[in-house]
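**Student:** Take a look at input28.txt, compact mmCIF, C-alpha atoms:
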# COMPACT_ATOMS: atom_id res chain seq x y z
CA MET A 1 83.04 64.18 98.56
CA ASP A 2 80.45 63.58 101.28
CA GLU A 3 77.16 65.39 101.26
CA VAL A 4 76.74 68.24 103.73
CA ARG A 5 73.52 69.20 105.41
CA ILE A 6 71.94 72.46 104.27
CA ILE A 7 69.50 74.18 106.62
CA GLU A 8 67.24 76.95 105.33
CA ILE A 9 66.92 79.37 108.23
CA LYS A 10 64.33 82.08 108.54
CA LYS A 11 64.47 85.63 109.79
CA SER A 12 63.81 86.00 113.49
CA VAL A 13 60.33 86.91 114.62
CA PHE A 14 61.65 88.04 117.99
CA GLU A 15 61.81 91.77 118.39
CA ASN A 16 64.32 91.71 121.16
CA ASN A 17 67.39 90.01 119.76
CA ASP A 18 69.57 90.97 122.70
CA ARG A 19 67.25 89.24 125.17
CA ASP A 20 67.13 86.15 123.00
CA ALA A 21 70.93 86.15 122.63
CA ASP A 22 71.37 86.30 126.40
CA ARG A 23 68.93 83.42 126.82
CA LEU A 24 70.82 81.32 124.27
CA ARG A 25 74.14 82.12 125.95
CA GLY A 26 72.68 81.02 129.30
CA GLU A 27 71.59 77.70 127.80
CA LEU A 28 75.04 77.19 126.27
CA ARG A 29 76.59 77.83 129.67
CA ASP A 30 74.30 75.29 131.32
CA ARG A 31 75.28 72.72 128.71
CA GLY A 32 78.98 73.57 128.86
CA VAL A 33 79.09 74.25 125.11
CA PHE A 34 81.18 77.18 123.84
CA LEU A 35 79.85 79.01 120.75
CA LEU A 36 82.37 81.03 118.75
CA ASN A 37 81.09 83.56 116.19
CA LEU A 38 83.62 84.14 113.40
CA MET A 39 83.10 87.20 111.19
CA SER A 40 84.92 88.94 108.33
CA SER A 41 84.58 90.42 104.83
CA PRO A 42 84.01 88.02 101.95
CA GLY A 43 87.25 86.32 100.99
CA SER A 44 89.37 87.22 104.01
CA GLY A 45 90.01 83.55 104.82
CA LYS A 46 87.41 82.46 107.41
CA THR A 47 87.07 78.94 106.03
CA THR A 48 90.80 78.30 105.60
CA THR A 49 91.40 79.62 109.13
CA LEU A 50 88.69 77.29 110.43
CA VAL A 51 90.28 74.26 108.76
CA ARG A 52 93.61 75.05 110.47
CA THR A 53 91.86 75.75 113.79
CA ILE A 54 89.88 72.52 113.74
CA ASN A 55 92.89 70.39 112.79
CA LEU A 56 94.88 71.86 115.69
CA LEU A 57 92.07 71.37 118.21
CA LYS A 58 90.17 68.26 117.14
CA ASP A 59 92.17 65.87 119.33
CA LYS A 60 91.50 68.03 122.41
CA LEU A 61 87.94 69.22 121.82
CA ARG A 62 84.75 67.85 120.29
CA ILE A 63 83.89 70.41 117.60
CA ALA A 64 80.95 71.12 115.28
CA VAL A 65 80.80 73.81 112.59
CA MET A 66 77.91 75.88 111.20
CA GLU A 67 78.63 77.64 107.91
CA ALA A 68 76.28 80.54 107.14
CA ASP A 69 75.98 81.70 103.55
CA ILE A 70 73.36 83.26 101.34
CA ASP A 71 73.82 80.49 98.80
CA SER A 72 76.05 77.48 97.93
CA ASP A 73 77.60 74.84 100.17
CA VAL A 74 81.19 75.55 99.09
CA ASP A 75 82.42 76.28 102.63
CA ALA A 76 80.66 73.41 104.42
CA ARG A 77 82.10 70.93 101.90
CA LYS A 78 85.57 72.41 102.27
CA ILE A 79 85.47 72.09 106.07
CA LYS A 80 84.04 68.57 106.00
CA ASP A 81 86.52 67.34 103.38
CA ALA A 82 89.54 68.90 105.10
CA THR A 83 88.74 68.06 108.72
CA GLY A 84 86.08 65.32 108.82
CA MET A 85 84.16 67.43 111.35
CA GLU A 86 80.39 67.54 111.55
CA THR A 87 79.54 70.56 109.41
CA ILE A 88 76.17 72.04 108.55
CA GLN A 89 75.46 74.73 106.02
CA LEU A 90 72.99 77.44 107.03
CA HIS A 91 71.30 79.24 104.17
CA THR A 92 70.14 82.68 105.26
CA GLY A 93 67.60 83.23 102.47
CA GLY A 94 69.35 86.39 101.31
CA MET A 95 69.80 87.77 104.82
CA CYS A 96 73.08 89.59 105.41
CA HIS A 97 73.65 88.39 108.99
CA LEU A 98 72.56 85.88 111.63
CA ASP A 99 70.68 86.83 114.77
CA ALA A 100 70.26 84.73 117.93
CA GLU A 101 67.09 82.98 116.76
CA MET A 102 68.66 82.06 113.42
CA THR A 103 71.70 80.75 115.30
CA ARG A 104 69.41 78.69 117.55
CA GLN A 105 67.76 77.16 114.45
CA GLY A 106 71.21 76.04 113.35
CA LEU A 107 72.15 74.66 116.78
CA GLU A 108 68.99 72.52 116.80
CA ASN A 109 70.68 70.41 114.13
CA ILE A 110 73.69 69.64 116.31
CA ASP A 111 73.88 67.02 119.08
CA MET A 112 74.78 69.37 121.94
CA GLN A 113 75.65 66.45 124.23
CA ALA A 114 78.44 65.48 121.85
CA VAL A 115 80.30 68.80 121.47
CA ASP A 116 82.48 71.17 123.50
CA LEU A 117 82.85 73.87 120.85
CA VAL A 118 80.54 75.04 118.08
CA ILE A 119 82.04 77.44 115.56
CA LEU A 120 79.66 79.64 113.58
CA GLU A 121 81.09 81.09 110.39
CA ASN A 122 78.88 84.15 109.90
CA VAL A 123 77.94 85.69 106.52
CA GLY A 124 80.91 87.47 104.90
CA ASN A 125 80.07 91.08 105.73
CA LEU A 126 81.79 93.72 107.91
CA VAL A 127 78.59 95.65 108.63
CA CYS A 128 75.40 93.81 109.56
CA PRO A 129 76.75 90.79 111.50
CA ALA A 130 78.31 93.22 114.00
CA GLU A 131 74.87 94.62 114.82
CA PHE A 132 73.28 91.33 115.88
CA ASP A 133 74.35 89.39 118.96
CA THR A 134 74.18 85.73 117.91
CA GLY A 135 74.27 84.46 121.50
CA SER A 136 77.91 83.49 121.04
CA CYS A 137 80.33 83.23 123.95
CA SER A 138 82.98 85.08 122.00
CA ASN A 139 83.30 87.06 118.76
CA VAL A 140 86.37 86.77 116.58
CA MET A 141 86.96 88.59 113.32
CA ILE A 142 89.47 88.28 110.52
CA LEU A 143 90.92 91.25 108.67
CA SER A 144 93.11 90.18 105.77
CA VAL A 145 96.16 92.15 104.64
CA PRO A 146 94.82 92.91 101.12
CA GLU A 147 91.80 94.69 102.64
CA GLY A 148 94.02 97.42 104.08
CA HIS A 149 94.95 98.75 107.50
CA ASP A 150 92.30 101.52 107.40
CA LYS A 151 89.33 99.18 107.82
CA PRO A 152 88.88 99.76 111.60
CA LEU A 153 88.27 103.44 110.73
CA LYS A 154 85.53 102.57 108.27
CA TYR A 155 83.77 99.66 110.00
CA PRO A 156 84.01 100.70 113.66
CA LEU A 157 81.29 98.50 115.16
CA MET A 158 82.75 95.23 113.84
CA PHE A 159 86.10 95.95 115.46
CA SER A 160 84.51 97.06 118.72
CA VAL A 161 82.46 93.87 119.27
CA CYS A 162 85.32 91.39 118.78
CA ASP A 163 87.49 89.81 121.48
CA VAL A 164 90.14 88.76 118.96
CA VAL A 165 91.15 90.22 115.59
CA LEU A 166 93.14 87.83 113.39
CA ILE A 167 95.24 89.64 110.77
CA ASN A 168 95.29 87.03 108.01
CA LYS A 169 97.33 86.60 104.78
CA ILE A 170 100.32 88.10 106.58
CA ASP A 171 102.52 86.21 104.05
CA VAL A 172 101.54 88.60 101.24
CA ALA A 173 102.20 91.78 103.25
CA PRO A 174 105.26 92.62 101.08
CA TYR A 175 103.01 92.95 98.02
CA PHE A 176 100.52 95.36 99.61
CA ASP A 177 100.70 98.82 101.20
CA PHE A 178 99.80 97.36 104.59
CA ASP A 179 101.20 98.82 107.81
CA LEU A 180 100.70 96.33 110.68
CA ASP A 181 101.56 98.88 113.39
CA GLU A 182 99.08 101.38 111.98
CA CYS A 183 96.47 98.62 111.69
CA ILE A 184 96.93 97.67 115.34
CA ALA A 185 96.71 101.35 116.35
CA ASN A 186 93.46 101.68 114.36
CA ILE A 187 92.03 98.57 116.04
CA ARG A 188 93.06 99.88 119.50
CA MET A 189 91.15 103.12 118.80
CA ARG A 190 87.97 101.07 118.41
CA ASN A 191 88.67 98.40 120.98
CA PRO A 192 91.56 98.77 123.43
CA LYS A 193 91.01 95.26 124.83
CA ALA A 194 90.96 93.29 121.55
CA ARG A 195 93.70 90.72 121.18
CA VAL A 196 95.39 91.07 117.78
CA ILE A 197 97.04 87.96 116.29
CA PRO A 198 98.81 88.02 112.90
CA VAL A 199 98.33 84.71 111.08
CA CYS A 200 98.70 83.04 107.72
CA ALA A 201 95.92 80.48 107.46
CA LYS A 202 97.39 79.15 104.20
CA THR A 203 100.71 78.15 105.80
CA GLY A 204 99.46 77.83 109.39
CA GLU A 205 101.78 80.54 110.74
CA GLY A 206 100.47 82.02 113.98
CA VAL A 207 97.28 79.94 114.09
CA SER A 208 98.41 78.02 117.21
CA VAL A 209 98.48 81.33 119.12
CA PHE A 210 94.80 81.65 118.32
CA THR A 211 93.94 78.01 119.10
CA ASP A 212 95.79 78.21 122.44
CA TRP A 213 93.62 81.22 123.33
CA LEU A 214 90.47 79.44 122.14
CA ALA A 215 91.19 76.18 124.03
CA GLU A 216 91.70 78.24 127.20
CA GLU A 217 88.41 80.11 126.70
CA VAL A 218 86.51 76.84 126.17
CA ALA A 219 88.05 75.40 129.35
CA LYS A 220 87.10 78.53 131.35
CA TRP A 221 83.54 78.40 129.99
CA LYS A 222 83.13 74.77 131.06
CA THR A 223 84.37 75.43 134.59
CA THR A 224 81.75 78.18 135.06
CA LYS A 225 78.98 75.80 133.93
CA LYS A 226 75.79 75.92 136.00
CA GLN A 227 77.11 78.41 138.53
CA MET B 228 94.64 118.60 102.67
CA ASP B 229 91.37 120.33 101.80
CA GLU B 230 88.29 119.74 103.87
CA VAL B 231 85.68 117.39 102.41
CA ARG B 232 81.97 117.75 102.93
CA ILE B 233 80.32 115.13 105.12
CA ILE B 234 76.59 114.58 104.74
CA GLU B 235 74.66 112.61 107.36
CA ILE B 236 71.99 110.76 105.40
CA LYS B 237 68.92 109.16 106.88
CA LYS B 238 67.14 105.93 106.17
CA SER B 239 64.46 106.20 103.53
CA VAL B 240 60.86 106.63 104.65
CA PHE B 241 59.61 105.50 101.26
CA GLU B 242 58.24 102.00 101.26
CA ASN B 243 58.62 101.48 97.58
CA ASN B 244 62.31 101.87 96.83
CA ASP B 245 61.99 100.54 93.30
CA ARG B 246 59.45 103.22 92.38
CA ASP B 247 61.62 105.91 93.90
CA ALA B 248 64.69 104.59 92.08
CA ASP B 249 62.87 104.70 88.75
CA ARG B 250 61.76 108.27 89.46
CA LEU B 251 65.33 109.32 90.27
CA ARG B 252 66.63 107.64 87.11
CA GLY B 253 64.02 109.53 85.06
CA GLU B 254 65.16 112.83 86.55
CA LEU B 255 68.79 111.99 85.84
CA ARG B 256 67.86 111.23 82.24
CA ASP B 257 66.06 114.58 81.89
CA ARG B 258 69.12 116.36 83.21
CA GLY B 259 71.55 114.32 81.11
CA VAL B 260 73.50 113.24 84.20
CA PHE B 261 74.81 109.66 84.40
CA LEU B 262 74.91 108.07 87.87
CA LEU B 263 77.27 105.12 88.32
CA ASN B 264 76.87 102.90 91.41
CA LEU B 265 80.15 101.21 92.36
CA MET B 266 79.97 98.29 94.79
CA SER B 267 82.36 95.73 96.32
CA SER B 268 83.57 94.10 99.53
CA PRO B 269 85.57 96.21 101.96
CA GLY B 270 89.12 96.61 100.74
CA SER B 271 88.74 95.40 97.17
CA GLY B 272 90.00 98.69 95.74
CA LYS B 273 86.96 100.87 94.99
CA THR B 274 88.64 104.13 95.92
CA THR B 275 91.93 103.42 94.12
CA THR B 276 89.97 102.37 91.02
CA LEU B 277 87.97 105.60 91.22
CA VAL B 278 91.13 107.71 91.38
CA ARG B 279 92.42 106.03 88.19
CA THR B 280 89.02 106.33 86.52
CA ILE B 281 88.63 110.03 87.32
CA ASN B 282 92.14 110.90 86.20
CA LEU B 283 91.54 109.16 82.85
CA LEU B 284 88.16 110.85 82.28
CA LYS B 285 88.38 114.27 83.90
CA ASP B 286 89.47 116.08 80.73
CA LYS B 287 86.52 114.61 78.81
CA LEU B 288 83.74 114.64 81.41
CA ARG B 289 82.64 116.83 84.31
CA ILE B 290 82.64 114.44 87.28
CA ALA B 291 81.46 114.50 90.91
CA VAL B 292 81.94 111.75 93.49
CA MET B 293 79.83 110.63 96.47
CA GLU B 294 81.63 108.38 98.96
CA ALA B 295 79.32 106.38 101.22
CA ASP B 296 80.71 105.03 104.46
CA ILE B 297 79.45 104.22 107.91
CA ASP B 298 82.16 106.36 109.45
CA SER B 299 85.32 108.33 108.59
CA ASP B 300 86.12 110.53 105.60
CA VAL B 301 89.20 108.55 104.54
CA ASP B 302 87.93 107.84 101.03
CA ALA B 303 86.56 111.30 100.23
CA ARG B 304 89.86 112.88 101.23
CA LYS B 305 91.80 110.37 99.17
CA ILE B 306 89.72 111.09 96.05
CA LYS B 307 89.85 114.86 96.51
CA ASP B 308 93.60 114.91 97.16
CA ALA B 309 94.41 112.61 94.22
CA THR B 310 92.07 114.05 91.60
CA GLY B 311 90.92 117.52 92.70
CA MET B 312 87.33 116.45 91.94
CA GLU B 313 84.32 117.64 93.90
CA THR B 314 83.84 114.87 96.48
CA ILE B 315 81.28 114.53 99.21
CA GLN B 316 81.26 111.97 101.98
CA LEU B 317 77.91 110.38 102.82
CA HIS B 318 77.63 108.96 106.31
CA THR B 319 74.99 106.26 106.43
CA GLY B 320 74.41 106.30 110.19
CA GLY B 321 75.35 102.62 110.49
CA MET B 322 73.27 101.56 107.49
CA CYS B 323 74.81 98.81 105.39
CA HIS B 324 73.65 100.12 102.01
CA LEU B 325 72.19 103.12 100.18
CA ASP B 326 68.68 103.20 98.75
CA ALA B 327 67.29 105.63 96.16
CA GLU B 328 66.13 108.23 98.70
CA MET B 329 69.50 108.21 100.47
CA THR B 330 71.20 108.61 97.08
CA ARG B 331 68.90 111.54 96.31
CA GLN B 332 69.89 113.19 99.60
CA GLY B 333 73.50 112.96 98.45
CA LEU B 334 72.76 114.32 94.96
CA GLU B 335 71.07 117.38 96.48
CA ASN B 336 74.55 118.51 97.51
CA ILE B 337 75.88 118.45 93.94
CA ASP B 338 75.36 121.12 91.27
CA MET B 339 73.67 118.92 88.68
CA GLN B 340 74.03 121.61 85.98
CA ALA B 341 77.80 121.32 86.29
CA VAL B 342 78.29 117.55 85.93
CA ASP B 343 78.01 114.81 83.29
CA LEU B 344 78.87 111.89 85.55
CA VAL B 345 78.27 111.26 89.26
CA ILE B 346 80.01 108.25 90.75
CA LEU B 347 78.57 106.77 93.94
CA GLU B 348 80.95 104.58 95.93
CA ASN B 349 78.53 102.43 97.89
CA VAL B 350 79.18 100.93 101.36
CA GLY B 351 81.74 98.09 101.22
CA ASN B 352 79.42 95.08 101.39
CA LEU B 353 78.62 92.27 98.92
CA VAL B 354 75.15 91.62 100.30
CA CYS B 355 72.84 94.51 101.15
CA PRO B 356 73.77 97.10 98.48
CA ALA B 357 72.75 94.56 95.79
CA GLU B 358 69.21 94.51 97.23
CA PHE B 359 68.52 98.23 96.89
CA ASP B 360 68.26 100.02 93.54
CA THR B 361 69.95 103.39 94.10
CA GLY B 362 68.44 104.92 90.97
CA SER B 363 71.78 104.56 89.18
CA CYS B 364 72.06 104.29 85.41
CA SER B 365 74.55 101.46 85.73
CA ASN B 366 75.94 99.15 88.45
CA VAL B 367 79.58 98.16 88.49
CA MET B 368 81.25 95.90 91.03
CA ILE B 369 84.81 95.05 91.90
CA LEU B 370 85.96 91.59 92.91
CA SER B 371 89.60 91.54 93.95
CA VAL B 372 91.87 88.56 93.39
CA PRO B 373 92.58 87.91 97.12
CA GLU B 374 88.84 87.43 97.75
CA GLY B 375 88.81 84.27 95.61
CA HIS B 376 87.14 83.09 92.42
CA ASP B 377 84.25 81.39 94.28
CA LYS B 378 82.54 84.62 95.36
CA PRO B 379 79.90 84.63 92.57
CA LEU B 380 78.68 81.30 94.01
CA LYS B 381 78.29 82.77 97.48
CA TYR B 382 76.97 86.28 96.72
CA PRO B 383 74.74 85.61 93.70
CA LEU B 384 72.57 88.75 93.75
CA MET B 385 75.51 91.17 93.66
CA PHE B 386 76.91 89.55 90.53
CA SER B 387 73.50 89.39 88.86
CA VAL B 388 72.71 93.13 89.23
CA CYS B 389 75.98 94.43 87.75
CA ASP B 390 76.66 95.46 84.15
CA VAL B 391 80.42 95.28 84.63
CA VAL B 392 82.60 93.23 87.00
CA LEU B 393 86.13 94.55 87.44
CA ILE B 394 88.59 91.87 88.61
CA ASN B 395 91.05 94.01 90.56
CA LYS B 396 94.53 93.36 92.02
CA ILE B 397 95.30 91.16 89.02
CA ASP B 398 99.02 91.89 89.67
CA VAL B 399 99.04 89.70 92.80
CA ALA B 400 97.34 86.71 91.12
CA PRO B 401 100.60 84.65 91.24
CA TYR B 402 100.51 84.78 95.06
CA PHE B 403 96.91 83.53 95.42
CA ASP B 404 95.00 80.41 94.37
CA PHE B 405 92.90 82.44 91.95
CA ASP B 406 91.67 80.95 88.67
CA LEU B 407 90.51 83.76 86.34
CA ASP B 408 88.79 81.40 83.89
CA GLU B 409 86.86 79.73 86.71
CA CYS B 410 85.98 83.15 88.12
CA ILE B 411 84.59 84.29 84.76
CA ALA B 412 82.63 81.01 84.43
CA ASN B 413 81.17 81.58 87.93
CA ILE B 414 80.19 85.16 87.02
CA ARG B 415 78.60 83.95 83.74
CA MET B 416 76.45 81.49 85.73
CA ARG B 417 74.95 84.44 87.62
CA ASN B 418 74.94 86.97 84.82
CA PRO B 419 75.65 85.92 81.22
CA LYS B 420 75.64 89.55 80.02
CA ALA B 421 78.08 91.05 82.52
CA ARG B 422 81.23 92.47 81.03
CA VAL B 423 84.30 91.24 82.92
CA ILE B 424 87.42 93.43 82.87
CA PRO B 425 90.65 92.40 84.68
CA VAL B 426 92.41 95.48 86.10
CA CYS B 427 95.12 96.56 88.46
CA ALA B 428 94.03 99.86 89.96
CA LYS B 429 97.41 100.26 91.67
CA THR B 430 99.39 100.25 88.39
CA GLY B 431 96.53 101.34 86.10
CA GLU B 432 96.62 98.16 83.99
CA GLY B 433 93.31 97.57 82.21
CA VAL B 434 91.54 100.62 83.69
CA SER B 435 91.29 102.36 80.30
CA VAL B 436 89.17 99.44 79.02
CA PHE B 437 86.71 100.30 81.78
CA THR B 438 86.85 104.08 81.24
CA ASP B 439 86.31 103.63 77.47
CA TRP B 440 83.18 101.63 78.27
CA LEU B 441 82.04 104.24 80.83
CA ALA B 442 82.61 107.24 78.52
CA GLU B 443 80.54 105.50 75.85
CA GLU B 444 77.70 104.79 78.31
CA VAL B 445 77.66 108.43 79.46
CA ALA B 446 77.53 109.61 75.82
CA LYS B 447 74.65 107.21 75.05
CA TRP B 448 72.76 108.38 78.15
CA LYS B 449 73.08 112.03 77.11
CA THR B 450 71.82 111.39 73.58
CA THR B 451 68.65 109.74 74.94
CA LYS B 452 67.98 112.76 77.20
CA LYS B 453 64.35 113.93 77.33
CA GLN B 454 63.09 111.45 74.77
What is this file in C-alpha cells?
**Tutor:**
Amino acid sequence: MDEVRIIEIKKSVFENNDRDADRLRGELRDRGVFLLNLMSSPGSGKTTTLVRTINLLKDKLRIAVMEADIDSDVDARKIKDATGMETIQLHTGGMCHLDAEMTRQGLENIDMQAVDLVILENVGNLVCPAEFDTGSCSNVMILSVPEGHDKPLKYPLMFSVCDVVLINKIDVAPYFDFDLDECIANIRMRNPKARVIPVCAKTGEGVSVFTDWLAEEVAKWKTTKKQ
Amino acid sequence: MDEVRIIEIKKSVFENNDRDADRLRGELRDRGVFLLNLMSSPGSGKTTTLVRTINLLKDKLRIAVMEADIDSDVDARKIKDATGMETIQLHTGGMCHLDAEMTRQGLENIDMQAVDLVILENVGNLVCPAEFDTGSCSNVMILSVPEGHDKPLKYPLMFSVCDVVLINKIDVAPYFDFDLDECIANIRMRNPKARVIPVCAKTGEGVSVFTDWLAEEVAKWKTTKKQ
C-alpha cells in the first residue's frame, strides 16, 4: 500500500467564515476548479461512494481527493488503493468540522493546475459541518438506510444546505424499517430543491445518476470561469 | 399520543465545564440519583435501546429520560409512548453537544426526589459530545454494525470516554462487512477497560446484559451516597 500524505490543519483564525468561503469560491471559479463538499454521519458510506464516483469519472475529469478526519488515514488509503487518485488526509486536530480556511490549507497541497474536480470528504458528523461554509461549489450529503428516514426532522440544517442527498445502502432496505417515500417527504420539508438519489455504493447501483449530475455541474462551472 | 415537554436550553456561560461537571456529579451523589449519558452517531439506535432498557428496569428503578436534539420531539414521544416514563425533550438551539450546565438546565425539570436513574440521550454525534463532561456518573455509547468496525480508529475520544460500548444492530451483521473481533480490538486500542456488549435493540437480544450492568451501577452509586 502506498503512503498517503497527512496534513495537520489548524482552526481558522478568521472571524468571518462566510466572507472567506466566498473568497475561496471566487478563486476556484477563476481557476476553473470545482470543489465538492461531501458530508454525512460516521459510517454512512462516504468513502465507498467516493471510490465508485472516482472510478466512473476518472477518465473524463482530473480529480483530487481530500479526506478530513480527526485521526487515522484509513479513508485516504482506501481511496488511493482503490482508485489511484491523488489523495491527501486532513487531520482536524479534534475539530468536528472544516471551515473555509481549513479547506484552503488542504487545497494548498494540491496542484490546482492539474485538476478539474476536488472532492472534500468532511468529518463524519450531521451537525457541525452544516454550519460552516467550506467554500465549496456544491454540498452533497449521504443518508444511509440504517440511520432511518426521520433524520431530516432531527438534523434540519444539514438537509437544508445540500444540493443533493444520496440515500445509500438501499440494498439493505428490506432489513430495516425504512420508508423511502417518507424519507423523501421529510427531506422536501427541509429543502424543496434538493435532488434525492437512491444508491448502493457497495454494488454501484444508482451511482451513475449522481456522477452524471456531478460531471454536468463541473462542466457548467468551467464555462462560467472568469466571467 | 401524550404531549411531551420541550425545554429550550442555552449554551453554558461557565468557562470551566469540568469544574461544573464535577459539582453536578457531587450533587447527584448526595441525592442518590444516577445520571447516565448515552451517546452515538445519528441513527445507531439510541432511542430503541432506551425503550428496551426502560422496559427491563422500570419495575426495579424509578427512571426519567432527557432527550437532547437540535430539533423535533420525535424521540421523546417515542420513549413516552413505548414506556410511559417521564420524558422531556431538550432542544439545544443548534448546539452539537450538551455540557454540564445544559444538562443541569434539563435536570431542573425533573423531580429528583422521585427518581433513581436519569438517562440523558445526547445529540447524535461521535465528535463533540465526547469533549464535554455532562456531569454524568457513567458514559455509554452505541456503535451500530452498519457504521463499520473501523470507527474507533476515526473517532478516538468518543471510545476512550465510555465505560460501555454497545454494538447494536448485531442482527444485520451478515449483510455488512463487519468484523466483531476487529471492532473489539479497535475499541481496546482506545480504551482497554471498556465493556463491550453486542445487542440488537430491535429484538431485545443482549440488552439484559446491559441492564444488569446498569442496575448494579445504580445500586453501587446509591450505597456511596453522602460519604
**Student:** Report, to one decimal in Å, the C-alpha RMSD of chain B against chain A after an in-order least-squares superposition over all those atoms.
**Tutor:** 0.0 Å
**Student:** If we count only C-alpha atoms, what is near Lys60 in chain A at a cut-off of 9 Å, once residues fewer than 3 positions away on the same chain are taken out, given as a ChimeraX atom specification?
**Tutor:** /A:56-57,215
**Student:** Any idea what the distance is between CA of Met95 in chain A and CA of Cys355 in chain B?
**Tutor:**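 We find that CA of Met95 in chain A and CA of Cys355 in chain B lie 8.3 Å from each other.
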**Student:** List the neighbours of Arg190 in chain A out to 12 Å using all atoms listed in the file; skip same-chain residues closer than 4 positions along the sequence, and give me the result as an MDAnalysis selection string.
**Tutor:** (chainID A and resid 150:163 165 183:186 194) or (chainID B and resid 298)
**Student:** May I have the residues within 10 Å of Val350 in chain B as number ranges by chain, using all atoms listed in the file and disregarding those fewer than 4 positions away in the same chain?
**Tutor:** A: 127, 154-155; B: 265-269, 294-297, 317-319, 322-325, 355-356
**Student:** Let me see the file: selected residues, C-alpha atoms, as an mmCIF file, in the frame of the given file.
**Tutor:**
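part-v4.cif was written with the following content:
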data_model
loop_
_atom_site.group_PDB
_atom_site.id
_atom_site.type_symbol
_atom_site.label_atom_id
_atom_site.label_comp_id
_atom_site.auth_asym_id
_atom_site.auth_seq_id
_atom_site.Cartn_x
_atom_site.Cartn_y
_atom_site.Cartn_z
ATOM 1 C CA VAL A 127 78.590 95.650 108.630
ATOM 2 C CA LYS A 154 85.530 102.570 108.270
ATOM 3 C CA TYR A 155 83.770 99.660 110.000
ATOM 4 C CA LEU B 265 80.150 101.210 92.360
ATOM 5 C CA MET B 266 79.970 98.290 94.790
ATOM 6 C CA SER B 267 82.360 95.730 96.320
ATOM 7 C CA SER B 268 83.570 94.100 99.530
ATOM 8 C CA PRO B 269 85.570 96.210 101.960
ATOM 9 C CA GLU B 294 81.630 108.380 98.960
ATOM 10 C CA ALA B 295 79.320 106.380 101.220
ATOM 11 C CA ASP B 296 80.710 105.030 104.460
ATOM 12 C CA ILE B 297 79.450 104.220 107.910
ATOM 13 C CA LEU B 317 77.910 110.380 102.820
ATOM 14 C CA HIS B 318 77.630 108.960 106.310
ATOM 15 C CA THR B 319 74.990 106.260 106.430
ATOM 16 C CA MET B 322 73.270 101.560 107.490
ATOM 17 C CA CYS B 323 74.810 98.810 105.390
ATOM 18 C CA HIS B 324 73.650 100.120 102.010
ATOM 19 C CA LEU B 325 72.190 103.120 100.180
ATOM 20 C CA CYS B 355 72.840 94.510 101.150
ATOM 21 C CA PRO B 356 73.770 97.100 98.480
#
**Student:** Taking (61.8, 104.9, 96.7) in the file's own coordinates, collect the residues within 10 Å, counting all atoms listed in the file, and hand them back as JSON, numbers by chain.
**Tutor:** {"B": [239, 240, 241, 242, 243, 244, 245, 246, 247, 248, 249, 250, 251, 326, 327, 328, 329, 331, 359, 360, 361, 362]}
**Student:** Smallest atom-to-atom distance to Ile63 in chain A: which of A:Tyr175, A:Val164, A:Gly43, A:Met112, using only C-alpha atoms?
**Tutor:**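 Nearest to Ile63 in chain A: A:Met112.
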**Student:** Could you list, as a ChimeraX atom specification, every residue within 12 Å of Pro174 in chain A, counting all atoms listed in the file and ignoring same-chain residues fewer than 5 positions away?
**Tutor:** /A:145-146,169,179-180 /B:399,402
**Student:** Nearest to Ile197 in chain A among A:Lys222, A:Glu217, A:His149, A:Leu143, with distances taken over only C-alpha atoms: which residue is it?
**Tutor:** A:Leu143
**Student:** Name the closest residue to Glu131 in chain A among the candidates B:Leu334, B:Gly321, B:Met416, B:Leu263; distances are taken between atoms, counting only C-alpha atoms.
**Tutor:**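 Smallest separation from Glu131 in chain A among the options: B:Gly321.
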**Student:** Determine the nearest neighbour of chain B from the options A:Asp171, A:Glu216, A:Glu147, A:Glu182, counting all atoms listed in the file.
**Tutor:**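 Ranked by minimum distance to chain B, first place goes to A:Glu147.
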**Student:** One number please: CA of Ala400 in chain B to CA of Ala428 in chain B, in Å, one decimal.
**Tutor:**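 These two atoms are separated by 13.6 Å.
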**Student:** Hey, which of B:Val292, B:Val301, B:Leu255, B:Val278 ends up closest to chain A? Count all atoms listed in the file.
**Tutor:**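 Nearest candidate to chain A out of B:Val292, B:Val301, B:Leu255, B:Val278: B:Val301.
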